[in-house]
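S.K.: Next comes protein.csv, CSV, C-alpha atoms and all ligand atoms:
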chain,number,residue,atom,x,y,z
Y,1,MET,CA,4.8,57.3,-115.4
Y,2,ILE,CA,5.2,58.5,-111.8
Y,3,MET,CA,3.7,56.2,-109.3
Y,4,ALA,CA,2.3,57.6,-106.1
Y,5,PRO,CA,3.9,56.1,-103.1
Y,6,PRO,CA,1.7,53.5,-101.4
Y,7,LEU,CA,-0.5,55.0,-98.7
Y,8,PRO,CA,0.6,53.9,-95.2
Y,9,ARG,CA,-1.7,51.2,-94.0
Y,10,VAL,CA,-3.6,52.4,-91.0
Y,11,GLN,CA,-3.6,49.6,-88.4
Y,12,PRO,CA,-6.6,49.5,-86.1
Y,13,LEU,CA,-5.5,50.1,-82.6
Y,14,VAL,CA,-5.8,47.0,-80.5
Y,15,PHE,CA,-5.1,47.2,-76.8
Y,16,ASP,CA,-5.2,43.8,-75.1
Y,17,VAL,CA,-6.7,44.3,-71.6
Y,18,SER,CA,-5.1,41.1,-70.2
Y,19,ILE,CA,-1.7,42.8,-70.8
Y,20,LEU,CA,-2.7,46.5,-70.3
Y,21,GLN,CA,-4.1,46.0,-66.8
Y,22,HIS,CA,-0.6,45.0,-65.5
Y,23,GLN,CA,1.4,47.6,-67.3
Y,24,ALA,CA,3.0,50.3,-65.3
Y,25,SER,CA,2.3,53.0,-67.9
Y,26,ILE,CA,-0.8,53.3,-70.0
Y,27,PRO,CA,-1.3,54.3,-73.7
Y,28,SER,CA,-1.7,58.1,-74.1
Y,29,HIS,CA,-5.2,57.5,-75.5
Y,30,PHE,CA,-6.5,56.7,-72.0
Y,31,ILE,CA,-4.9,59.7,-70.4
Y,32,TRP,CA,-7.4,62.5,-69.6
Y,33,PRO,CA,-6.5,66.2,-69.6
Y,34,ASP,CA,-5.4,67.6,-66.2
Y,35,HIS,CA,-8.6,69.5,-65.5
Y,36,GLU,CA,-10.6,66.2,-65.9
Y,37,LYS,CA,-8.3,63.8,-64.1
Y,38,PRO,CA,-10.0,62.1,-61.2
Y,39,CYS,CA,-9.5,62.8,-57.5
Y,40,LEU,CA,-9.6,59.3,-56.1
Y,41,GLU,CA,-10.2,60.4,-52.5
Y,42,SER,CA,-13.4,62.4,-52.9
Y,43,PRO,CA,-15.7,63.2,-49.9
Y,44,GLU,CA,-18.7,61.0,-49.7
Y,45,LEU,CA,-22.1,62.2,-50.9
Y,46,ALA,CA,-24.7,61.6,-48.2
Y,47,ILE,CA,-27.5,60.2,-50.2
Y,48,PRO,CA,-30.6,59.1,-48.4
Y,49,PRO,CA,-31.7,55.5,-48.4
Y,50,VAL,CA,-35.4,55.1,-49.2
Y,51,ASP,CA,-37.3,52.2,-47.6
Y,52,PHE,CA,-39.0,51.2,-50.8
Y,53,GLY,CA,-40.9,48.1,-49.5
Y,54,SER,CA,-42.6,50.2,-46.8
Y,55,PHE,CA,-43.5,52.9,-49.4
Y,56,LEU,CA,-45.2,50.3,-51.7
Y,57,ALA,CA,-47.0,48.8,-48.7
Y,58,GLY,CA,-48.6,52.2,-48.2
Y,59,ASP,CA,-47.8,52.7,-44.6
Y,60,PRO,CA,-48.7,56.5,-44.3
Y,61,LEU,CA,-45.6,57.4,-42.2
Y,62,ALA,CA,-43.3,55.5,-44.6
Y,63,VAL,CA,-44.9,57.1,-47.7
Y,64,SER,CA,-44.5,60.6,-46.3
Y,65,LYS,CA,-40.9,60.0,-45.3
Y,66,ALA,CA,-40.0,58.4,-48.7
Y,67,THR,CA,-41.6,61.2,-50.7
Y,68,GLN,CA,-39.9,63.8,-48.6
Y,69,LEU,CA,-36.5,62.2,-49.0
Y,70,VAL,CA,-36.9,61.8,-52.7
Y,71,ASN,CA,-38.2,65.3,-53.2
Y,72,GLU,CA,-35.2,66.9,-51.4
Y,73,ALA,CA,-32.7,64.7,-53.1
Y,74,CYS,CA,-34.1,65.1,-56.6
Y,75,ARG,CA,-34.5,68.9,-56.4
Y,76,LYS,CA,-30.9,69.1,-55.3
Y,77,HIS,CA,-29.0,66.6,-57.4
Y,78,GLY,CA,-31.3,63.7,-58.6
Y,79,PHE,CA,-29.5,60.8,-56.8
Y,80,PHE,CA,-31.0,58.5,-54.1
Y,81,LEU,CA,-30.7,54.9,-52.9
Y,82,VAL,CA,-33.4,52.4,-52.6
Y,83,VAL,CA,-33.2,49.6,-50.0
Y,84,ASN,CA,-35.8,46.9,-49.2
Y,85,HIS,CA,-36.4,47.0,-52.9
Y,86,GLY,CA,-37.7,43.4,-53.3
Y,87,VAL,CA,-35.3,42.3,-56.1
Y,88,ASP,CA,-34.0,38.8,-55.3
Y,89,SER,CA,-30.4,39.1,-54.1
Y,90,LYS,CA,-29.7,35.7,-55.8
Y,91,LEU,CA,-30.7,37.2,-59.2
Y,92,ILE,CA,-28.4,40.2,-58.6
Y,93,ALA,CA,-25.5,37.9,-57.7
Y,94,LYS,CA,-26.1,35.9,-60.8
Y,95,ALA,CA,-26.2,38.9,-63.0
Y,96,HIS,CA,-22.7,39.9,-61.6
Y,97,GLU,CA,-21.4,36.3,-62.0
Y,98,TYR,CA,-22.5,36.1,-65.6
Y,99,MET,CA,-20.8,39.4,-66.3
Y,100,ASN,CA,-17.5,37.9,-65.1
Y,101,MET,CA,-18.1,35.0,-67.4
Y,102,PHE,CA,-19.0,37.2,-70.4
Y,103,PHE,CA,-16.1,39.7,-70.1
Y,104,GLY,CA,-13.7,36.9,-69.2
Y,105,LYS,CA,-14.2,35.4,-72.7
Y,106,GLN,CA,-11.8,35.8,-75.6
Y,107,LEU,CA,-12.1,39.1,-77.5
Y,108,SER,CA,-13.1,37.3,-80.7
Y,109,GLU,CA,-16.0,35.7,-79.0
Y,110,LYS,CA,-17.2,38.9,-77.4
Y,111,GLN,CA,-16.9,40.6,-80.8
Y,112,ARG,CA,-19.7,38.4,-82.1
Y,113,ALA,CA,-21.9,41.0,-80.4
Y,114,GLN,CA,-19.8,43.9,-81.6
Y,115,ARG,CA,-21.6,47.2,-81.4
Y,116,LYS,CA,-21.2,49.1,-84.8
Y,117,ILE,CA,-20.6,52.8,-85.1
Y,118,GLY,CA,-23.9,54.6,-84.6
Y,119,GLU,CA,-25.6,51.7,-83.0
Y,120,GLN,CA,-26.8,51.6,-79.4
Y,121,TYR,CA,-26.7,47.9,-78.6
Y,122,GLY,CA,-23.9,45.3,-78.4
Y,123,TYR,CA,-20.4,44.8,-77.1
Y,124,ALA,CA,-18.1,47.9,-77.0
Y,125,SER,CA,-14.5,48.1,-75.8
Y,126,SER,CA,-12.3,51.1,-75.8
Y,127,PHE,CA,-9.4,48.7,-75.8
Y,128,THR,CA,-10.0,48.0,-79.5
Y,129,GLY,CA,-10.8,49.8,-82.7
Y,130,ARG,CA,-11.6,53.4,-81.7
Y,131,PHE,CA,-8.7,55.6,-82.5
Y,132,SER,CA,-9.3,58.6,-80.3
Y,133,SER,CA,-8.4,60.4,-77.1
Y,134,LYS,CA,-9.9,60.4,-73.7
Y,135,LEU,CA,-10.8,56.7,-73.9
Y,136,PRO,CA,-12.7,55.3,-71.0
Y,137,TRP,CA,-11.1,52.4,-69.2
Y,138,LYS,CA,-13.9,49.9,-69.7
Y,139,GLU,CA,-15.8,47.3,-71.7
Y,140,THR,CA,-19.6,47.3,-72.0
Y,141,LEU,CA,-22.4,45.2,-73.3
Y,142,SER,CA,-25.7,47.0,-74.0
Y,143,LEU,CA,-29.0,45.2,-74.5
Y,144,ARG,CA,-32.4,46.4,-75.7
Y,145,TYR,CA,-35.3,45.6,-73.3
Y,146,CYS,CA,-38.9,46.2,-74.3
Y,147,ALA,CA,-41.7,45.9,-71.8
Y,148,ASP,CA,-44.5,45.5,-74.3
Y,149,ASN,CA,-46.1,42.1,-74.9
Y,150,GLN,CA,-44.8,41.7,-78.5
Y,151,SER,CA,-41.2,41.8,-77.5
Y,152,SER,CA,-41.4,40.0,-74.2
Y,153,ASP,CA,-38.3,37.8,-74.9
Y,154,ILE,CA,-36.1,40.3,-76.6
Y,155,VAL,CA,-33.1,39.9,-74.3
Y,156,GLN,CA,-33.2,36.1,-74.3
Y,157,GLU,CA,-33.5,36.1,-78.1
Y,158,TYR,CA,-30.5,38.5,-78.5
Y,159,PHE,CA,-28.1,36.1,-76.8
Y,160,SER,CA,-29.3,33.1,-78.7
Y,161,ASN,CA,-29.4,34.8,-82.1
Y,162,VAL,CA,-26.2,36.9,-81.8
Y,163,MET,CA,-24.0,34.9,-79.5
Y,164,GLY,CA,-25.3,31.4,-80.2
Y,165,GLU,CA,-27.2,28.7,-78.4
Y,166,ASN,CA,-24.3,28.3,-75.9
Y,167,PHE,CA,-25.2,31.7,-74.5
Y,168,LYS,CA,-28.9,30.8,-73.8
Y,169,GLN,CA,-28.4,30.9,-70.0
Y,170,PHE,CA,-26.9,34.4,-70.3
Y,171,GLY,CA,-30.2,35.4,-72.0
Y,172,THR,CA,-32.3,33.8,-69.3
Y,173,VAL,CA,-30.4,35.7,-66.5
Y,174,TYR,CA,-30.5,39.1,-68.1
Y,175,GLN,CA,-34.1,38.7,-69.4
Y,176,GLU,CA,-35.1,38.0,-65.8
Y,177,TYR,CA,-33.0,40.9,-64.4
Y,178,CYS,CA,-34.5,43.4,-66.9
Y,179,GLU,CA,-38.0,42.3,-65.9
Y,180,ALA,CA,-37.1,42.9,-62.3
Y,181,MET,CA,-35.8,46.3,-63.3
Y,182,ASN,CA,-39.0,47.1,-65.2
Y,183,THR,CA,-41.1,46.3,-62.1
Y,184,LEU,CA,-38.8,48.3,-59.9
Y,185,SER,CA,-38.7,51.3,-62.2
Y,186,LEU,CA,-42.5,51.5,-62.5
Y,187,GLY,CA,-42.6,51.4,-58.7
Y,188,ILE,CA,-40.1,54.2,-58.5
Y,189,MET,CA,-42.2,56.1,-61.0
Y,190,GLU,CA,-45.0,55.9,-58.4
Y,191,LEU,CA,-42.6,57.4,-55.8
Y,192,LEU,CA,-41.5,60.2,-58.2
Y,193,GLY,CA,-45.2,61.0,-59.1
Y,194,ALA,CA,-46.1,61.1,-55.4
Y,195,SER,CA,-43.1,63.3,-54.6
Y,196,LEU,CA,-43.9,65.7,-57.4
Y,197,GLY,CA,-47.6,65.8,-56.3
Y,198,VAL,CA,-49.0,64.5,-59.6
Y,199,GLY,CA,-50.2,61.2,-58.1
Y,200,ARG,CA,-48.8,57.7,-58.1
Y,201,GLU,CA,-50.2,56.6,-61.5
Y,202,TYR,CA,-49.2,59.5,-63.8
Y,203,PHE,CA,-45.6,58.5,-64.6
Y,204,ARG,CA,-46.2,54.8,-64.0
Y,205,ASP,CA,-48.7,54.8,-66.8
Y,206,PHE,CA,-46.4,56.9,-69.0
Y,207,PHE,CA,-43.7,54.3,-68.8
Y,208,GLU,CA,-45.9,51.2,-69.4
Y,209,GLY,CA,-44.5,49.3,-72.4
Y,210,ASN,CA,-41.1,51.2,-72.0
Y,211,ASP,CA,-38.3,50.6,-74.6
Y,212,SER,CA,-35.2,50.6,-72.3
Y,213,ILE,CA,-31.5,49.8,-72.3
Y,214,MET,CA,-29.7,47.4,-70.0
Y,215,ARG,CA,-25.9,48.0,-69.9
Y,216,LEU,CA,-23.2,45.9,-68.2
Y,217,ASN,CA,-20.2,48.0,-67.3
Y,218,TYR,CA,-16.9,46.1,-66.7
Y,219,TYR,CA,-13.9,48.1,-65.5
Y,220,PRO,CA,-10.6,46.2,-65.4
Y,221,PRO,CA,-7.9,47.3,-62.9
Y,222,CYS,CA,-5.6,50.0,-64.1
Y,223,GLN,CA,-2.0,50.7,-62.8
Y,224,LYS,CA,-2.5,54.4,-63.4
Y,225,PRO,CA,-6.0,55.1,-62.0
Y,226,ASP,CA,-5.2,58.7,-61.3
Y,227,LEU,CA,-4.7,59.5,-65.1
Y,228,THR,CA,-7.8,57.9,-66.6
Y,229,LEU,CA,-11.5,57.5,-66.1
Y,230,GLY,CA,-13.8,54.4,-66.3
Y,231,THR,CA,-16.7,56.5,-67.5
Y,232,GLY,CA,-16.2,60.2,-68.3
Y,233,PRO,CA,-18.4,63.0,-66.8
Y,234,HIS,CA,-21.9,62.9,-68.3
Y,235,CYS,CA,-25.6,63.2,-67.5
Y,236,ASP,CA,-27.7,60.2,-68.5
Y,237,PRO,CA,-29.9,61.4,-71.5
Y,238,THR,CA,-32.5,58.7,-70.6
Y,239,SER,CA,-35.3,59.0,-68.1
Y,240,LEU,CA,-34.3,57.1,-65.0
Y,241,THR,CA,-31.2,55.0,-64.2
Y,242,ILE,CA,-31.2,52.1,-61.7
Y,243,LEU,CA,-27.6,51.1,-61.0
Y,244,HIS,CA,-26.2,48.2,-59.0
Y,245,GLN,CA,-22.6,48.7,-58.2
Y,246,ASP,CA,-20.6,45.8,-56.8
Y,247,HIS,CA,-18.7,46.1,-53.5
Y,248,VAL,CA,-15.7,47.9,-55.1
Y,249,GLY,CA,-16.9,51.5,-55.5
Y,250,GLY,CA,-16.0,54.1,-58.1
Y,251,LEU,CA,-19.2,56.1,-58.9
Y,252,GLN,CA,-18.8,59.9,-58.3
Y,253,VAL,CA,-21.4,62.7,-58.5
Y,254,PHE,CA,-20.8,66.4,-59.1
Y,255,VAL,CA,-22.6,68.3,-56.4
Y,256,ASP,CA,-22.0,71.8,-55.0
Y,257,GLU,CA,-19.2,72.3,-57.5
Y,258,LYS,CA,-17.2,69.3,-56.4
Y,259,TRP,CA,-16.9,65.5,-57.0
Y,260,HIS,CA,-18.3,63.2,-54.3
Y,261,SER,CA,-18.1,59.5,-54.2
Y,262,VAL,CA,-21.1,57.2,-53.7
Y,263,ARG,CA,-20.2,54.5,-51.2
Y,264,PRO,CA,-21.0,51.0,-52.6
Y,265,ASP,CA,-23.8,49.1,-50.9
Y,266,PRO,CA,-24.6,45.8,-52.6
Y,267,GLU,CA,-28.0,45.8,-50.7
Y,268,ALA,CA,-29.0,49.0,-52.4
Y,269,PHE,CA,-29.7,50.3,-55.9
Y,270,VAL,CA,-28.5,53.8,-56.8
Y,271,VAL,CA,-31.2,55.6,-58.6
Y,272,ASN,CA,-30.7,58.8,-60.6
Y,273,ILE,CA,-32.8,61.1,-62.7
Y,274,GLY,CA,-31.9,61.4,-66.4
Y,275,ASP,CA,-32.4,64.3,-68.8
Y,276,THR,CA,-35.7,63.0,-70.1
Y,277,PHE,CA,-37.3,62.8,-66.6
Y,278,MET,CA,-35.8,66.2,-65.8
Y,279,ALA,CA,-37.9,67.5,-68.8
Y,280,LEU,CA,-41.0,65.5,-67.7
Y,281,SER,CA,-40.7,67.1,-64.3
Y,282,ASN,CA,-40.5,70.6,-65.9
Y,283,GLY,CA,-36.9,70.9,-64.6
Y,284,ILE,CA,-38.0,70.5,-61.0
Y,285,PHE,CA,-36.0,67.3,-60.5
Y,286,LYS,CA,-32.4,67.4,-61.6
Y,287,SER,CA,-30.3,65.2,-63.9
Y,288,CYS,CA,-26.7,65.6,-62.7
Y,289,LEU,CA,-23.2,65.1,-63.9
Y,290,HIS,CA,-21.5,61.8,-62.7
Y,291,ARG,CA,-18.6,59.6,-63.7
Y,292,ALA,CA,-16.8,56.5,-62.6
Y,293,VAL,CA,-13.2,56.1,-61.5
Y,294,VAL,CA,-11.1,52.9,-61.7
Y,295,ASN,CA,-8.5,51.4,-59.3
Y,296,ASN,CA,-5.3,49.5,-59.5
Y,297,VAL,CA,-6.4,46.4,-57.5
Y,298,THR,CA,-9.5,44.9,-58.7
Y,299,VAL,CA,-12.2,44.7,-61.5
Y,300,ARG,CA,-15.2,46.8,-60.8
Y,301,LYS,CA,-18.7,46.0,-62.2
Y,302,SER,CA,-21.9,47.8,-62.4
Y,303,LEU,CA,-25.3,46.9,-63.9
Y,304,ALA,CA,-27.2,49.9,-65.3
Y,305,PHE,CA,-30.8,49.8,-66.4
Y,306,PHE,CA,-31.8,53.0,-68.3
Y,307,LEU,CA,-35.6,53.4,-68.4
Y,308,CYS,CA,-36.8,55.1,-71.6
Y,309,PRO,CA,-40.3,55.8,-72.8
Y,310,LYS,CA,-42.0,53.7,-75.5
Y,311,LEU,CA,-41.1,55.2,-78.9
Y,312,ASP,CA,-44.5,56.7,-79.7
Y,313,LYS,CA,-44.6,58.8,-76.5
Y,314,VAL,CA,-44.6,62.6,-76.5
Y,315,VAL,CA,-42.3,63.8,-73.8
Y,316,LYS,CA,-43.6,66.9,-72.1
Y,317,PRO,CA,-44.4,67.7,-68.5
Y,318,PRO,CA,-48.0,67.6,-67.1
Y,319,ASN,CA,-49.7,71.0,-67.0
Y,320,THR,CA,-49.9,70.8,-63.2
Y,321,LEU,CA,-46.1,71.2,-63.0
Y,322,ILE,CA,-46.2,74.4,-65.1
Y,323,ASP,CA,-47.0,77.5,-63.2
Y,324,SER,CA,-45.6,81.0,-62.5
Y,325,LYS,CA,-43.1,79.6,-60.0
Y,326,ASN,CA,-42.0,76.9,-62.5
Y,327,PRO,CA,-42.5,78.3,-66.0
Y,328,ARG,CA,-41.9,75.9,-68.8
Y,329,ALA,CA,-38.2,74.8,-68.6
Y,330,GLU,CA,-36.0,75.0,-71.6
Y,331,GLU,CA,-35.5,71.2,-71.7
Y,332,SER,CA,-39.1,70.4,-72.1
Y,333,GLU,CA,-39.5,72.8,-75.0
Y,334,ILE,CA,-36.7,70.9,-76.7
Y,335,ILE,CA,-38.4,67.5,-76.5
Y,336,ALA,CA,-42.0,68.5,-77.0
Y,337,VAL,CA,-41.9,66.6,-80.3
Y,338,ASP,CA,-43.4,63.2,-80.7
Y,339,ASN,CA,-41.0,60.3,-81.1
Y,340,ALA,CA,-42.6,59.2,-84.3
Y,341,SER,CA,-41.7,62.4,-86.2
Y,342,ALA,CA,-38.3,62.6,-84.5
Y,343,VAL,CA,-37.5,59.1,-85.8
Y,344,LYS,CA,-38.8,60.1,-89.3
Y,345,GLU,CA,-36.4,63.0,-89.2
Y,346,GLY,CA,-33.6,60.7,-88.5
Y,347,LEU,CA,-33.1,62.0,-85.0
Y,348,GLY,CA,-34.0,58.8,-83.1
Y,349,SER,CA,-36.4,59.0,-80.3
Y,350,SER,CA,-37.2,62.2,-78.4
Y,351,TRP,CA,-35.0,61.5,-75.5
Y,352,ARG,CA,-32.1,61.4,-77.9
Y,353,VAL,CA,-33.1,64.8,-79.2
Y,354,LEU,CA,-32.9,66.2,-75.7
Y,355,GLY,CA,-29.6,64.4,-75.3
Y,356,ARG,CA,-28.2,66.1,-78.3
Y,357,LYS,CA,-29.3,69.5,-77.3
Y,358,ARG,CA,-27.8,69.2,-73.8
Y,359,GLN,CA,-24.7,67.7,-75.4
Y,360,GLN,CA,-24.3,71.0,-77.3
Y,361,LYS,CA,-24.6,73.0,-74.2
Y,362,ASN,CA,-22.2,70.8,-72.2
Y,363,ARG,CA,-20.0,70.0,-75.1
Y,364,ASN,CA,-17.0,69.0,-73.1
Y,365,LYS,CA,-18.9,67.3,-70.3
Y,366,ARG,CA,-20.8,64.4,-72.0
Y,367,PRO,CA,-19.6,61.5,-74.0
Y,368,ALA,CA,-22.2,59.5,-75.9
Y,369,LEU,CA,-24.2,57.3,-73.6
S,401,LIG,C1,-23.5,54.8,-66.8
S,401,LIG,C2,-22.8,55.2,-65.5
S,401,LIG,C3,-21.5,54.6,-63.6
S,401,LIG,C4,-20.9,53.3,-62.9
S,401,LIG,O1,-23.3,53.7,-67.2
S,401,LIG,O2,-24.2,55.7,-67.3
S,401,LIG,O3,-22.9,56.4,-65.1
S,401,LIG,O4,-20.7,53.4,-61.7
S,401,LIG,N1,-22.1,54.3,-64.8
S,401,LIG,O5,-20.7,52.4,-63.6
S,402,NI,NI,-24.5,57.4,-66.2
Mind turning the file's structure into structure tokens?
M.R.:
Amino acid sequence: MIMAPPLPRVQPLVFDVSILQHQASIPSHFIWPDHEKPCLESPELAIPPVDFGSFLAGDPLAVSKATQLVNEACRKHGFFLVVNHGVDSKLIAKAHEYMNMFFGKQLSEKQRAQRKIGEQYGYASSFTGRFSSKLPWKETLSLRYCADNQSSDIVQEYFSNVMGENFKQFGTVYQEYCEAMNTLSLGIMELLGASLGVGREYFRDFFEGNDSIMRLNYYPPCQKPDLTLGTGPHCDPTSLTILHQDHVGGLQVFVDEKWHSVRPDPEAFVVNIGDTFMALSNGIFKSCLHRAVVNNVTVRKSLAFFLCPKLDKVVKPPNTLIDSKNPRAEESEIIAVDNASAVKEGLGSSWRVLGRKRQQKNRNKRPAL
């Protein structure tokens, strides 16, 4: 009998970041094609800071200034900054400090929260497991946050259940951070509603009880930052992103056919429109391509809160935004399905349907969120 030779055993790829970050050369999996390699010295994007506290206080001059700034920025590229936002700076500092503690743990410990293929939540590292090209130079932890009353402690419970009782304090910090982001995002929805002329309540009401995602992005230093990317070019498929980048900087936005950097300001949140809000605004406000570069000196961290509608919501623009000047945009057609039937069809929620469609259009531009 002829025996077939034994199949070669496929070893999962494991890159150890504690070694990799000091190596003069990097594995080819992390090297991006020439046309996608970063330009580390990009011109800065002048994004307007919006005085959010004065907008909320209702001072007429501040309201008109804020809505005008947001209107211009969102029609052009969808990025703006909010300052005087009312989120406790100690809470933000703690959220960064706990990121250092989490990502500083042994890989085996972080892998207790391992995100499985096809899942949205948990720990993911391109330094392990995924055998593919164009790997991003980062580790992430993604958490589900629900603003409805039944799931009010979901972040807290995740840490205790998945990571163990020793991680309870992590749960407390990120639960509190998500609640602050929920409040801020509903306030920003008032600003967007006022800027689009549909009134302050319209989008705020739409996102009550939202089912959102909190992601911690951790970018270790890299000795070849000009060959790789921390996060590849993509548009966020979700509704609104509220990002806090630390003092290091690395976020870039594609505007007027070139990449621009967004200067870090720890006092500010970077806010951007995602594909789902672009659809809700009938394409009037833009969701735009962005990415993150890394550097050879220091770790960079960002905290990203992705606001998403509650799962039973139908995502379509209000009739007042549809007229002869703005006929129904292609994006909104795509997601005029209700989430419940989309979930039944195995497509996930409607914002993911939009994500998929845009992904087909921009096949080379967008990695999975
Ligand atoms: C993201 C993202 C940019 C950054 O997480 O979707 O675009 O600066 N992050 O980390
Ligand atoms: Ni993004």
S.K.: To one decimal in Å, tell me the separation between atom CA of Y:His35 and atom CA of Y:Thr228.
M.R.: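 Atom CA of Y:Thr228 lies at a distance of 11.7 Å from atom CA of Y:His35.
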S.K.: Could you check how far atom CA of Y:His77 sits from atom CA of Y:Phe207, in Å to one decimal?
M.R.: 22.3 Å
S.K.: Taking all atoms listed in the file into account, report as a list in words which residues have an atom no farther than 6 Å from an atom of ligand LIG 401 (chain S).
M.R.: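 Taking all atoms listed in the file into account, the residues around ligand LIG 401 (chain S) at most 6 Å away are Asn217, Asp236, Gly250, Leu251, Arg291, Ala292, Ser302 and Ala304 of chain Y.
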S.K.: Give me, please, the distance in Å between atom CA of Y:Asp246 and atom CA of Y:Thr67, quoted to one decimal.
M.R.: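 So the two atoms, atom CA of Y:Asp246 and atom CA of Y:Thr67, lie 26.7 Å apart.
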S.K.: Which residues sit within 8 Å of ligand NI 402 (chain S), counting only C-alpha atoms and all ligand atoms, listed as a ChimeraX atom specification?
M.R.: /Y:231,234-236,241,290-291,369
S.K.: Give the answer as one residue: which of Y:Ser108, Y:Ile188, Y:Ala95, Y:Asn149 has the shortest atom-to-atom distance to Y:Gln169, using all atoms listed in the file?
M.R.: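 That would be Y:Ala95, the residue with the smallest distance to Y:Gln169.
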S.K.: With only C-alpha atoms as the atoms that count, which of Y:Pro327, Y:Pro317, Y:Gly230, Y:Pro38 lies nearest to Y:Arg300?
M.R.: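 Looking only at the distances to Y:Arg300, the closest residue turns out to be Y:Gly230.
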S.K.: May I have the residues within 8 Å of Y:Asp51 as a list of chain:residue names, using all atoms listed in the file and disregarding those fewer than 2 positions away in the same chain?
M.R.: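 Skipping anything fewer than 2 positions along the chain leaves Y:Pro49, Y:Gly53, Y:Ser54, Y:Phe55, Y:Ala62, Y:Ala66, Y:Val82, Y:Val83, Y:Asn84, Y:His85.
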S.K.: For Y:Glu157, please output as number ranges by chain all residues within 10 Å (counting all atoms listed in the file; exclusion window: fewer than 5 positions along the same chain).
M.R.: Y: 151-152, 162-165, 168, 171-172, 175
S.K.: Nearest to Y:Arg204 among Y:Ile19, Y:Leu192, Y:Ile242, Y:Val315, with distances taken over only C-alpha atoms: which residue is it?
M.R.: Y:Leu192
S.K.: Do a neighbour search on Y:Glu139 at 8 Å with all atoms listed in the file, toss out local chain neighbours closer than 2 positions, and write the hits as a list in words.
M.R.: Phe103, Tyr123, Ala124, Ser125, Ser126, Phe127, Trp137, Leu141, Asn217, Tyr218 and Tyr219 of chain Y
S.K.: Can those selected residues be exported to a file as an mmCIF file, keeping the file's coordinate frame so that it contains C-alpha atoms?
M.R.:
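And here's selection-v1.cif as it stands now:
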data_model
loop_
_atom_site.group_PDB
_atom_site.id
_atom_site.type_symbol
_atom_site.label_atom_id
_atom_site.label_comp_id
_atom_site.auth_asym_id
_atom_site.auth_seq_id
_atom_site.Cartn_x
_atom_site.Cartn_y
_atom_site.Cartn_z
ATOM 1 C CA PHE Y 103 -16.100 39.700 -70.100
ATOM 2 C CA TYR Y 123 -20.400 44.800 -77.100
ATOM 3 C CA ALA Y 124 -18.100 47.900 -77.000
ATOM 4 C CA SER Y 125 -14.500 48.100 -75.800
ATOM 5 C CA SER Y 126 -12.300 51.100 -75.800
ATOM 6 C CA PHE Y 127 -9.400 48.700 -75.800
ATOM 7 C CA TRP Y 137 -11.100 52.400 -69.200
ATOM 8 C CA LEU Y 141 -22.400 45.200 -73.300
ATOM 9 C CA ASN Y 217 -20.200 48.000 -67.300
ATOM 10 C CA TYR Y 218 -16.900 46.100 -66.700
ATOM 11 C CA TYR Y 219 -13.900 48.100 -65.500
#
S.K.: List every protein, DNA or RNA residue with an atom no more than 10 Å from (-1.3, 62.8, -77.9) in the file's coordinates, counting all atoms listed in the file, and format the result as a PyMOL selection string.
M.R.: chain Y and resi 27-31+132-134
S.K.: Put those residues in a file: C-alpha atoms, as a PDB file, in the frame of the given file.
M.R.:
ATOM      1  CA  PRO Y  27      -1.300  54.300 -73.700  1.00  0.00           C
ATOM      2  CA  SER Y  28      -1.700  58.100 -74.100  1.00  0.00           C
ATOM      3  CA  HIS Y  29      -5.200  57.500 -75.500  1.00  0.00           C
ATOM      4  CA  PHE Y  30      -6.500  56.700 -72.000  1.00  0.00           C
ATOM      5  CA  ILE Y  31      -4.900  59.700 -70.400  1.00  0.00           C
ATOM      6  CA  SER Y 132      -9.300  58.600 -80.300  1.00  0.00           C
ATOM      7  CA  SER Y 133      -8.400  60.400 -77.100  1.00  0.00           C
ATOM      8  CA  LYS Y 134      -9.900  60.400 -73.700  1.00  0.00           C
TER       9      LYS Y 134
END
S.K.: Let me make sure I understand: among Y:Pro48, Y:Gly199, Y:Gly209, Y:Gly58, which one has the smallest atom-to-atom distance to Y:Thr183 if we use only C-alpha atoms?
M.R.: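 Under the stated criterion, the closest residue is Y:Gly209.
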